>>> print(open('query-v1.txt').read())   # compact mmCIF, C-alpha atoms and all ligand atoms
# COMPACT_ATOMS: atom_id res chain seq x y z
CA MET A 1 86.04 457.03 286.08
CA PRO A 2 83.72 454.61 284.27
CA THR A 3 81.94 456.17 281.31
CA ALA A 4 78.16 456.09 280.96
CA PRO A 5 76.86 453.26 278.76
CA VAL A 6 76.11 454.19 275.17
CA ILE A 7 72.82 452.27 275.26
CA GLU A 8 70.79 451.80 278.44
CA VAL A 9 67.64 449.73 278.60
CA ALA A 10 65.97 449.35 281.99
CA GLU A 11 62.78 447.42 282.77
CA LEU A 12 61.55 447.85 279.20
CA ARG A 13 57.98 446.64 278.61
CA LYS A 14 55.93 446.56 275.45
CA SER A 15 52.68 444.69 274.77
CA TYR A 16 50.74 444.18 271.57
CA ALA A 17 46.98 443.90 272.10
CA GLY A 18 47.53 443.10 275.77
CA ARG A 19 50.11 440.36 275.12
CA PRO A 20 53.56 441.22 276.49
CA ALA A 21 56.24 441.00 273.79
CA VAL A 22 58.94 442.57 275.99
CA ASP A 23 58.42 442.03 279.68
CA GLY A 24 61.05 443.81 281.76
CA VAL A 25 64.25 443.74 279.69
CA SER A 26 67.35 445.49 281.07
CA PHE A 27 70.89 445.73 279.72
CA ALA A 28 73.60 448.32 279.14
CA VAL A 29 76.00 448.50 276.20
CA GLU A 30 79.41 450.11 276.56
CA GLU A 31 81.06 452.23 273.90
CA GLY A 32 82.82 450.15 271.23
CA GLU A 33 81.16 446.89 272.22
CA ILE A 34 79.48 444.42 269.90
CA PHE A 35 76.48 443.44 271.99
CA GLY A 36 74.40 440.51 270.78
CA ILE A 37 70.74 439.76 271.33
CA LEU A 38 69.96 436.10 270.88
CA GLY A 39 66.71 434.26 271.37
CA PRO A 40 64.01 432.10 269.82
CA ASN A 41 61.46 433.40 267.29
CA GLY A 42 58.99 435.76 268.86
CA ALA A 43 61.13 436.28 272.00
CA GLY A 44 60.93 440.09 271.73
CA LYS A 45 64.32 440.85 270.18
CA THR A 46 63.13 443.02 267.31
CA THR A 47 60.69 444.89 269.54
CA THR A 48 63.57 445.62 271.94
CA VAL A 49 65.92 446.97 269.28
CA GLU A 50 63.11 448.93 267.62
CA CYS A 51 62.55 450.67 270.97
CA VAL A 52 66.30 451.44 271.08
CA ALA A 53 66.14 452.85 267.55
CA GLY A 54 63.11 454.99 268.47
CA LEU A 55 60.82 453.17 266.04
CA ARG A 56 58.50 451.91 268.76
CA VAL A 57 57.26 453.64 271.85
CA PRO A 58 57.75 451.55 275.02
CA ASP A 59 54.77 451.04 277.35
CA SER A 60 57.11 451.57 280.29
CA GLY A 61 60.77 451.42 281.26
CA ARG A 62 63.71 453.56 280.31
CA VAL A 63 65.69 453.58 277.07
CA ARG A 64 68.63 455.92 276.54
CA VAL A 65 70.98 456.19 273.57
CA THR A 66 74.02 458.37 274.33
CA GLY A 67 71.90 459.69 277.19
CA LEU A 68 69.04 460.68 274.87
CA ASP A 69 65.48 459.36 274.78
CA PRO A 70 65.09 457.79 271.31
CA VAL A 71 61.42 458.80 271.08
CA ALA A 72 61.54 462.33 272.55
CA ASP A 73 64.96 463.16 271.02
CA ARG A 74 64.40 461.22 267.80
CA GLU A 75 66.13 463.74 265.53
CA ARG A 76 69.32 463.79 267.59
CA VAL A 77 69.34 460.01 268.00
CA VAL A 78 68.94 459.44 264.25
CA ARG A 79 72.17 461.41 263.74
CA VAL A 80 74.21 459.02 265.90
CA LEU A 81 72.43 455.71 265.28
CA GLY A 82 72.21 453.74 262.02
CA ALA A 83 69.73 450.89 261.85
CA GLN A 84 69.42 447.88 259.60
CA LEU A 85 66.13 446.37 260.60
CA GLN A 86 64.30 443.25 259.55
CA GLU A 87 62.62 443.47 256.16
CA SER A 88 63.51 447.11 255.72
CA ARG A 89 61.54 448.03 252.64
CA LEU A 90 62.60 450.81 250.34
CA GLN A 91 60.62 452.53 247.66
CA PRO A 92 60.75 449.84 244.89
CA LYS A 93 61.66 452.27 242.10
CA LEU A 94 64.65 453.76 243.92
CA THR A 95 67.99 452.62 242.50
CA VAL A 96 70.87 451.53 244.72
CA ARG A 97 72.76 454.73 243.91
CA GLU A 98 69.74 456.93 244.67
CA ALA A 99 69.13 455.16 247.98
CA LEU A 100 72.77 455.59 249.03
CA GLU A 101 72.79 459.27 248.01
CA LEU A 102 69.47 459.91 249.72
CA TYR A 103 70.57 458.33 253.01
CA SER A 104 73.99 460.08 252.89
CA ALA A 105 72.21 463.42 252.64
CA LEU A 106 70.38 462.75 255.92
CA TYR A 107 73.54 462.74 258.02
CA PRO A 108 75.85 465.57 259.06
CA HIS A 109 79.09 463.64 258.37
CA PRO A 110 78.30 460.71 256.07
CA ALA A 111 80.85 458.14 255.00
CA ASP A 112 81.77 457.97 251.31
CA TRP A 113 79.16 455.50 250.06
CA ARG A 114 81.21 454.31 247.07
CA PRO A 115 83.76 452.15 248.97
CA LEU A 116 80.92 450.88 251.15
CA ALA A 117 78.94 449.80 248.08
CA GLU A 118 82.10 448.18 246.73
CA ARG A 119 82.69 446.27 249.99
CA LEU A 120 79.13 445.01 249.97
CA GLY A 121 79.33 443.82 246.37
CA LEU A 122 76.89 446.44 245.08
CA ARG A 123 79.14 448.25 242.60
CA GLU A 124 77.65 446.43 239.61
CA ARG A 125 74.14 447.12 240.88
CA LEU A 126 74.21 450.88 241.41
CA ASP A 127 71.64 451.51 238.69
CA THR A 128 69.37 448.61 239.63
CA ARG A 129 66.08 449.49 241.26
CA PHE A 130 65.40 448.10 244.74
CA ALA A 131 62.60 445.88 243.37
CA GLY A 132 65.06 444.33 240.90
CA LEU A 133 67.59 443.23 243.55
CA SER A 134 67.76 439.67 244.86
CA GLY A 135 66.94 439.11 248.55
CA GLY A 136 70.65 438.94 249.42
CA GLN A 137 71.38 442.14 247.47
CA GLN A 138 68.53 443.95 249.23
CA GLN A 139 70.03 442.77 252.50
CA ARG A 140 73.47 444.13 251.52
CA LEU A 141 71.92 447.46 250.60
CA SER A 142 70.16 447.68 253.95
CA ILE A 143 73.52 447.08 255.69
CA ALA A 144 75.12 449.81 253.54
CA LEU A 145 72.30 452.21 254.45
CA ALA A 146 72.78 451.50 258.17
CA LEU A 147 76.48 452.39 257.87
CA VAL A 148 76.43 455.23 255.36
CA GLY A 149 75.81 457.91 257.98
CA ASP A 150 79.08 456.89 259.71
CA PRO A 151 77.07 456.38 262.91
CA ARG A 152 78.45 456.07 266.44
CA ILE A 153 76.03 453.21 267.05
CA VAL A 154 74.68 450.68 264.61
CA VAL A 155 71.72 448.37 265.15
CA LEU A 156 71.80 445.26 262.96
CA ASP A 157 68.79 442.95 263.04
CA GLU A 158 69.42 439.59 261.37
CA LEU A 159 72.51 440.96 259.68
CA THR A 160 73.35 437.99 257.47
CA THR A 161 69.96 436.36 256.88
CA GLY A 162 69.72 435.46 253.20
CA LEU A 163 73.40 436.03 252.49
CA ASP A 164 75.52 433.33 250.87
CA PRO A 165 78.47 431.99 252.91
CA ARG A 166 81.05 434.25 251.25
CA ALA A 167 78.92 437.38 251.66
CA ARG A 168 78.26 436.36 255.25
CA ARG A 169 81.98 436.17 256.05
CA GLU A 170 82.69 439.44 254.28
CA THR A 171 79.89 441.10 256.24
CA TRP A 172 81.33 439.82 259.50
CA GLN A 173 84.70 441.28 258.53
CA LEU A 174 83.03 444.59 257.75
CA VAL A 175 81.33 444.64 261.17
CA GLU A 176 84.70 443.91 262.82
CA GLU A 177 86.26 446.82 260.92
CA VAL A 178 83.40 449.11 261.91
CA ARG A 179 83.90 448.16 265.53
CA ALA A 180 87.66 448.70 265.25
CA ARG A 181 86.81 452.35 264.46
CA GLY A 182 85.08 452.56 267.85
CA VAL A 183 81.48 452.12 266.65
CA THR A 184 79.12 450.39 269.09
CA VAL A 185 77.12 447.55 267.55
CA LEU A 186 73.81 446.10 268.74
CA LEU A 187 73.32 442.85 266.85
CA VAL A 188 70.23 440.64 266.77
CA THR A 189 71.06 437.22 265.43
CA HIS A 190 70.00 433.60 265.11
CA VAL A 191 73.36 432.52 263.72
CA MET A 192 75.39 431.03 266.54
CA GLU A 193 78.69 431.25 264.68
CA GLU A 194 78.02 434.94 264.10
CA ALA A 195 77.23 435.53 267.78
CA ARG A 196 80.27 433.61 268.97
CA ARG A 197 82.65 435.24 266.54
CA LEU A 198 81.49 438.84 266.73
CA CYS A 199 79.90 439.52 270.09
CA ASP A 200 81.72 440.70 273.21
CA ARG A 201 78.61 440.02 275.27
CA ILE A 202 75.24 438.48 274.55
CA ALA A 203 71.83 438.90 276.17
CA VAL A 204 69.77 435.76 275.65
CA ILE A 205 66.13 436.87 275.49
CA ASP A 206 63.37 434.34 276.01
CA ARG A 207 59.66 435.16 276.23
CA GLY A 208 60.29 438.86 276.63
CA ARG A 209 62.86 438.53 279.43
CA VAL A 210 66.64 438.36 279.69
CA ALA A 211 67.39 434.70 280.46
CA ALA A 212 71.18 435.27 280.67
CA LEU A 213 73.74 437.95 279.91
CA ASP A 214 77.40 437.09 279.53
CA THR A 215 80.30 436.71 277.12
CA PRO A 216 79.86 433.89 274.57
CA ALA A 217 82.40 431.79 276.51
CA GLY A 218 80.67 432.63 279.79
CA LEU A 219 77.27 431.55 278.47
CA ILE A 220 78.71 428.27 277.28
CA ARG A 221 80.41 427.64 280.63
CA ARG A 222 77.40 428.61 282.71
CA ALA A 223 74.68 426.97 280.72
CA ALA A 224 76.10 423.86 279.26
CA GLY A 225 79.32 423.21 281.14
CA ALA A 226 82.44 423.34 279.02
CA THR A 227 82.63 419.73 277.88
CA VAL A 228 80.17 417.45 276.12
CA ILE A 229 80.77 413.72 276.57
CA GLY A 230 78.90 411.30 274.32
CA PHE A 231 79.07 407.51 274.59
CA THR A 232 77.04 404.33 274.30
CA PRO A 233 77.57 402.19 277.41
CA SER A 234 78.08 398.49 276.78
CA ALA A 235 75.18 397.78 279.19
CA PRO A 236 72.36 400.06 280.43
CA LEU A 237 73.30 402.77 282.89
CA ASP A 238 70.55 404.64 284.71
CA ASP A 239 70.43 408.33 285.61
CA ARG A 240 70.84 407.60 289.32
CA ALA A 241 74.39 406.43 288.65
CA LEU A 242 75.16 409.61 286.71
CA ARG A 243 73.38 412.32 288.69
CA ASP A 244 76.14 412.81 291.27
CA LEU A 245 79.02 413.13 288.81
CA PRO A 246 81.10 416.21 289.66
CA GLY A 247 80.52 419.24 287.43
CA LEU A 248 77.55 417.63 285.67
CA ALA A 249 75.33 420.22 283.92
CA GLY A 250 72.98 417.97 281.96
CA ILE A 251 72.12 414.44 280.84
CA ALA A 252 70.48 413.59 277.52
CA ARG A 253 69.67 410.15 276.10
CA ARG A 254 68.88 409.03 272.61
CA ASP A 255 68.80 405.52 271.11
CA GLY A 256 70.90 404.07 273.93
CA ARG A 257 73.45 406.85 273.63
CA ILE A 258 74.14 409.11 276.60
CA THR A 259 75.32 412.71 276.25
CA LEU A 260 76.59 414.46 279.36
CA SER A 261 77.47 418.13 279.57
CA GLY A 262 79.90 419.06 282.28
CA THR A 263 83.58 419.62 282.87
CA ASP A 264 86.81 417.66 282.62
CA ASP A 265 86.05 416.39 286.16
CA THR A 266 82.79 414.92 284.83
CA LEU A 267 84.76 413.11 282.15
CA ASP A 268 87.28 411.66 284.64
CA ALA A 269 84.49 410.58 286.96
CA VAL A 270 82.33 408.94 284.31
CA LEU A 271 85.29 406.98 282.98
CA SER A 272 86.05 405.74 286.53
CA LEU A 273 82.38 404.87 287.04
CA LEU A 274 82.30 402.82 283.86
CA ALA A 275 85.54 401.06 284.81
CA ARG A 276 84.19 400.20 288.29
CA ARG A 277 81.11 398.67 286.67
CA HIS A 278 83.18 396.81 284.08
CA LEU A 279 81.43 398.69 281.29
CA THR A 280 83.00 400.14 278.18
CA ALA A 281 82.11 403.45 276.54
CA ARG A 282 81.48 402.70 272.88
CA ARG A 283 82.01 405.52 270.36
CA LEU A 284 83.22 407.85 273.09
CA ARG A 285 83.33 411.45 271.83
CA VAL A 286 84.46 414.40 273.91
CA THR A 287 83.82 417.87 272.47
CA ASP A 288 83.68 421.43 273.73
CA ALA A 289 80.17 422.71 274.42
CA THR A 290 78.94 425.20 271.85
CA LEU A 291 76.77 428.27 271.98
CA ASP A 292 74.02 426.08 270.44
CA ASP A 293 74.11 423.89 273.56
CA ALA A 294 73.90 426.97 275.76
CA PHE A 295 71.06 428.45 273.69
CA LEU A 296 68.99 425.28 273.94
CA GLU A 297 69.57 425.04 277.65
CA LEU A 298 68.80 428.71 278.38
CA THR A 299 65.64 429.04 276.29
CA GLU A 300 62.40 427.15 276.66
CA ASP A 301 61.13 424.79 274.02
CA PRO A 302 57.81 426.31 272.86
CA ALA A 303 56.44 422.81 272.11
P1 LIG B 401 62.04 436.67 265.46
O1 LIG B 401 63.27 435.98 265.89
O2 LIG B 401 61.00 435.71 264.97
O3 LIG B 401 62.27 437.83 264.55
P2 LIG B 401 61.71 438.45 267.78
O4 LIG B 401 62.41 437.90 268.97
O5 LIG B 401 62.38 439.55 267.04
O6 LIG B 401 61.31 437.26 266.80
P3 LIG B 401 59.45 440.25 268.02
O7 LIG B 401 59.38 440.53 266.55
O8 LIG B 401 59.93 441.33 268.90
O9 LIG B 401 60.28 438.93 268.31
O10 LIG B 401 57.99 439.81 268.50
C1 LIG B 401 57.69 439.49 269.84
C2 LIG B 401 56.21 439.12 269.93
O11 LIG B 401 55.40 440.25 269.61
C3 LIG B 401 55.78 438.03 268.97
O12 LIG B 401 54.85 437.21 269.63
C4 LIG B 401 55.13 438.79 267.84
O13 LIG B 401 54.13 437.99 267.24
C5 LIG B 401 54.55 439.99 268.54
N1 LIG B 401 54.53 441.18 267.65
C6 LIG B 401 55.60 441.79 267.11
N2 LIG B 401 55.25 442.88 266.40
C7 LIG B 401 53.89 442.97 266.50
C8 LIG B 401 52.91 443.88 266.00
N3 LIG B 401 53.25 444.92 265.25
N4 LIG B 401 51.62 443.64 266.32
C9 LIG B 401 51.26 442.60 267.10
N5 LIG B 401 52.13 441.70 267.61
C10 LIG B 401 53.43 441.88 267.32
>>> encode(input="query-v1.txt", output="structure tokens", more="lines below")
Ligand code: ATP
Amino acid sequence: MPTAPVIEVAELRKSYAGRPAVDGVSFAVEEGEIFGILGPNGAGKTTTVECVAGLRVPDSGRVRVTGLDPVADRERVVRVLGAQLQESRLQPKLTVREALELYSALYPHPADWRPLAERLGLRERLDTRFAGLSGGQQQRLSIALALVGDPRIVVLDELTTGLDPRARRETWQLVEEVRARGVTVLLVTHVMEEARRLCDRIAVIDRGRVAALDTPAGLIRRAAGATVIGFTPSAPLDDRALRDLPGLAGIARRDGRITLSGTDDTLDAVLSLLARRHLTARRLRVTDATLDDAFLELTEDPA
């Protein structure tokens, strides 16, 4: 029998001063999944996850975390959900050790914070006050505080923003380990490599709505085709000649160079087309489409 989702969001709506920030978002997260939320600035990602964490009250719609309403059952939800939210600010005079001890005391079965602090490179900083930490160190502490309660669900908003490349990779490894223990992760991110590497599924949110929901590979296939073909034709080639290529998902032009997104069939067909017209493809490059391509195609340019 299928189990109930750990997080359910249905037709969630939230406006600020009459302007919709979240405008009918629905998704469900299964136990043990890493579920990503991806989208442009101001798309409504943080508002969505803050509603899941019980920090904002939705205008309408349904949010359930392990079957509980995060606003009405806040105390019970806090015991199963750890949240690292954007710009989480702590009391500036609190030291790292005090913050970890304080947060541990809030949970019924906390993890041992010492190995966690060690993993996040905070061992040397235990007696430093929050105000004396660098931006990256503050970020690491906020991740530690999200995990210290040994939660069943963890919400991570811009997990690795401000972290150096090594800390970023170590943090990804930590999230993978957390998931391997069966923890469900809701991850808001702008980092495509992070989304591709960590997430089982991703909801792309644009202007307060879910523009697509799929696995990273599925998003790439659906939005941008699987293959990107770049070349400069030896003589001009107009869009009419290209539009009917099989599997074609998109055409872009820049400085005489043409970039097609599509499939291997598109590649075969464009090479035949060029041969029939006695044209050559200069600087031909064939690459796999990336999540960046999919993101750009699925979300609107605000300009
Ligand atoms: P980013 O990637 O920039 O963090 P986001 O997708 O997380 O963006 P939100 O922070 O949810 O987006 O904001 C969605 C919209 O709601 C934005 O237009 C934002 O300006 C607005 N907004 C968010 N919080 C408030 C608030 N407290 N008061 C008024 N407007 C708000």
>>> atom_distance(input="query-v1.txt", atom1="atom CA of Ser60 of chain A", atom2="atom O12 of ligand LIG 401 (chain B)")
18.0 Å
>>> closest_atom_pairs(input="query-v1.txt", of="segment 125-159 of chain A", to="segment 107-115 of chain A", cutoff="10 Å", atoms="all atoms listed in the file", output="CSV")
residue,atom,partner,partner_atom,distance
A:Leu126,CA,A:Arg114,CA,9.6
A:Ala144,CA,A:Trp113,CA,7.8
A:Leu145,CA,A:Trp113,CA,8.8
A:Leu147,CA,A:Ala111,CA,7.8
A:Val148,CA,A:Ala111,CA,5.3
A:Gly149,CA,A:Pro110,CA,4.2
A:Asp150,CA,A:Ala111,CA,5.2
A:Pro151,CA,A:Pro110,CA,8.2
>>> closest_atom_pairs(input="query-v1.txt", of="segment 162-279 of chain A", to="segment 32-46 of chain A", cutoff="9 Å", atoms="all atoms listed in the file", output="JSON lines")
{"residue": "A:Val175", "atom": "CA", "partner": "A:Ile34", "partner_atom": "CA", "distance": 8.9}
{"residue": "A:Glu176", "atom": "CA", "partner": "A:Ile34", "partner_atom": "CA", "distance": 8.8}
{"residue": "A:Arg179", "atom": "CA", "partner": "A:Gly32", "partner_atom": "CA", "distance": 6.1}
{"residue": "A:Ala180", "atom": "CA", "partner": "A:Gly32", "partner_atom": "CA", "distance": 7.8}
{"residue": "A:Arg181", "atom": "CA", "partner": "A:Gly32", "partner_atom": "CA", "distance": 8.2}
{"residue": "A:Gly182", "atom": "CA", "partner": "A:Gly32", "partner_atom": "CA", "distance": 4.7}
{"residue": "A:Val183", "atom": "CA", "partner": "A:Gly32", "partner_atom": "CA", "distance": 5.2}
{"residue": "A:Thr184", "atom": "CA", "partner": "A:Gly32", "partner_atom": "CA", "distance": 4.3}
{"residue": "A:Val185", "atom": "CA", "partner": "A:Ile34", "partner_atom": "CA", "distance": 4.6}
{"residue": "A:Leu186", "atom": "CA", "partner": "A:Phe35", "partner_atom": "CA", "distance": 5.0}
{"residue": "A:Leu187", "atom": "CA", "partner": "A:Gly36", "partner_atom": "CA", "distance": 4.7}
{"residue": "A:Val188", "atom": "CA", "partner": "A:Ile37", "partner_atom": "CA", "distance": 4.7}
{"residue": "A:Thr189", "atom": "CA", "partner": "A:Leu38", "partner_atom": "CA", "distance": 5.7}
{"residue": "A:His190", "atom": "CA", "partner": "A:Leu38", "partner_atom": "CA", "distance": 6.3}
{"residue": "A:Val191", "atom": "CA", "partner": "A:Leu38", "partner_atom": "CA", "distance": 8.7}
{"residue": "A:Met192", "atom": "CA", "partner": "A:Leu38", "partner_atom": "CA", "distance": 8.6}
{"residue": "A:Ala195", "atom": "CA", "partner": "A:Gly36", "partner_atom": "CA", "distance": 6.5}
{"residue": "A:Leu198", "atom": "CA", "partner": "A:Ile34", "partner_atom": "CA", "distance": 6.7}
{"residue": "A:Cys199", "atom": "CA", "partner": "A:Ile34", "partner_atom": "CA", "distance": 4.9}
{"residue": "A:Asp200", "atom": "CA", "partner": "A:Ile34", "partner_atom": "CA", "distance": 5.5}
{"residue": "A:Arg201", "atom": "CA", "partner": "A:Phe35", "partner_atom": "CA", "distance": 5.2}
{"residue": "A:Ile202", "atom": "CA", "partner": "A:Gly36", "partner_atom": "CA", "distance": 4.4}
{"residue": "A:Ala203", "atom": "CA", "partner": "A:Ile37", "partner_atom": "CA", "distance": 5.0}
{"residue": "A:Val204", "atom": "CA", "partner": "A:Leu38", "partner_atom": "CA", "distance": 4.8}
{"residue": "A:Ile205", "atom": "CA", "partner": "A:Gly39", "partner_atom": "CA", "distance": 4.9}
{"residue": "A:Asp206", "atom": "CA", "partner": "A:Ala43", "partner_atom": "CA", "distance": 5.0}
{"residue": "A:Arg207", "atom": "CA", "partner": "A:Ala43", "partner_atom": "CA", "distance": 4.6}
{"residue": "A:Gly208", "atom": "CA", "partner": "A:Gly44", "partner_atom": "CA", "distance": 5.1}
{"residue": "A:Arg209", "atom": "CA", "partner": "A:Ala43", "partner_atom": "CA", "distance": 8.0}
>>> closest_residue(input="query-v1.txt", among="A:Glu297, A:Asp69, A:Asp127, A:Glu158", to="ligand LIG 401 (chain B)", atoms="all atoms listed in the file")
A:Glu158
>>> residues_around(input="query-v1.txt", residues="Leu120 of chain A", least_positions_apart="5", cutoff="8 Å", atoms="all atoms listed in the file", output="VMD selection string")
chain A and resid 140 to 141 144 167 170 to 171
>>> write_last_selection(input="query-v1.txt", atoms="C-alpha atoms", output="PDB file, in the frame of the given file")
ATOM      1  CA  ARG A 140      73.470 444.130 251.520  1.00  0.00           C
ATOM      2  CA  LEU A 141      71.920 447.460 250.600  1.00  0.00           C
ATOM      3  CA  ALA A 144      75.120 449.810 253.540  1.00  0.00           C
ATOM      4  CA  ALA A 167      78.920 437.380 251.660  1.00  0.00           C
ATOM      5  CA  GLU A 170      82.690 439.440 254.280  1.00  0.00           C
ATOM      6  CA  THR A 171      79.890 441.100 256.240  1.00  0.00           C
TER       7      THR A 171
END
>>> axis_aligned_box(input="query-v1.txt", around="ligand LIG 401 (chain B)", padding_each_side="6 Å", output="AutoDock Vina command-line options")
--center_x 57.3 --center_y 440.3 --center_z 267.2 --size_x 24.0 --size_y 21.2 --size_z 17.4
>>> residues_around(input="query-v1.txt", residues="Leu298 of chain A", least_positions_apart="2", cutoff="7 Å", atoms="all atoms listed in the file", output="list of chain:residue names")
A:Ala211, A:Ala223, A:Ala294, A:Phe295, A:Leu296, A:Glu300
>>> closest_residue(input="query-v1.txt", among="A:Leu213, A:Val57, A:Leu174, A:Leu133", to="ligand LIG 401 (chain B)", atoms="only C-alpha atoms and all ligand atoms")
A:Val57
>>> atom_distance(input="query-v1.txt", atom1="atom CA of Val228 of chain A", atom2="atom CA of Leu284 of chain A")
10.5 Å
>>> closest_residue(input="query-v1.txt", among="A:Ala72, A:Leu85, A:Val80, A:Ala28", to="ligand LIG 401 (chain B)", atoms="all atoms listed in the file")
A:Leu85
>>> atom_distance(input="query-v1.txt", atom1="atom CA of Leu163 of chain A", atom2="atom CA of Val178 of chain A")
19.0 Å
>>> closest_residue(input="query-v1.txt", among="A:Arg79, A:Arg13, A:Arg221, A:Arg129", to="ligand LIG 401 (chain B)", atoms="only C-alpha atoms and all ligand atoms")
A:Arg13
>>> residues_around(input="query-v1.txt", residues="Leu260 of chain A", least_positions_apart="6", cutoff="10 Å", atoms="all atoms listed in the file", output="PyMOL selection string")
chain A and resi 224-225+227-231+242+245+248-253+266-267+270+286
>>> closest_residue(input="query-v1.txt", among="A:Pro20, A:Gly162, A:Pro92, A:Pro246", to="ligand LIG 401 (chain B)", atoms="only C-alpha atoms and all ligand atoms")
A:Pro20
>>> closest_residue(input="query-v1.txt", among="A:Leu159, A:Pro70, A:Arg285, A:Val29", to="ligand LIG 401 (chain B)", atoms="only C-alpha atoms and all ligand atoms")
A:Leu159
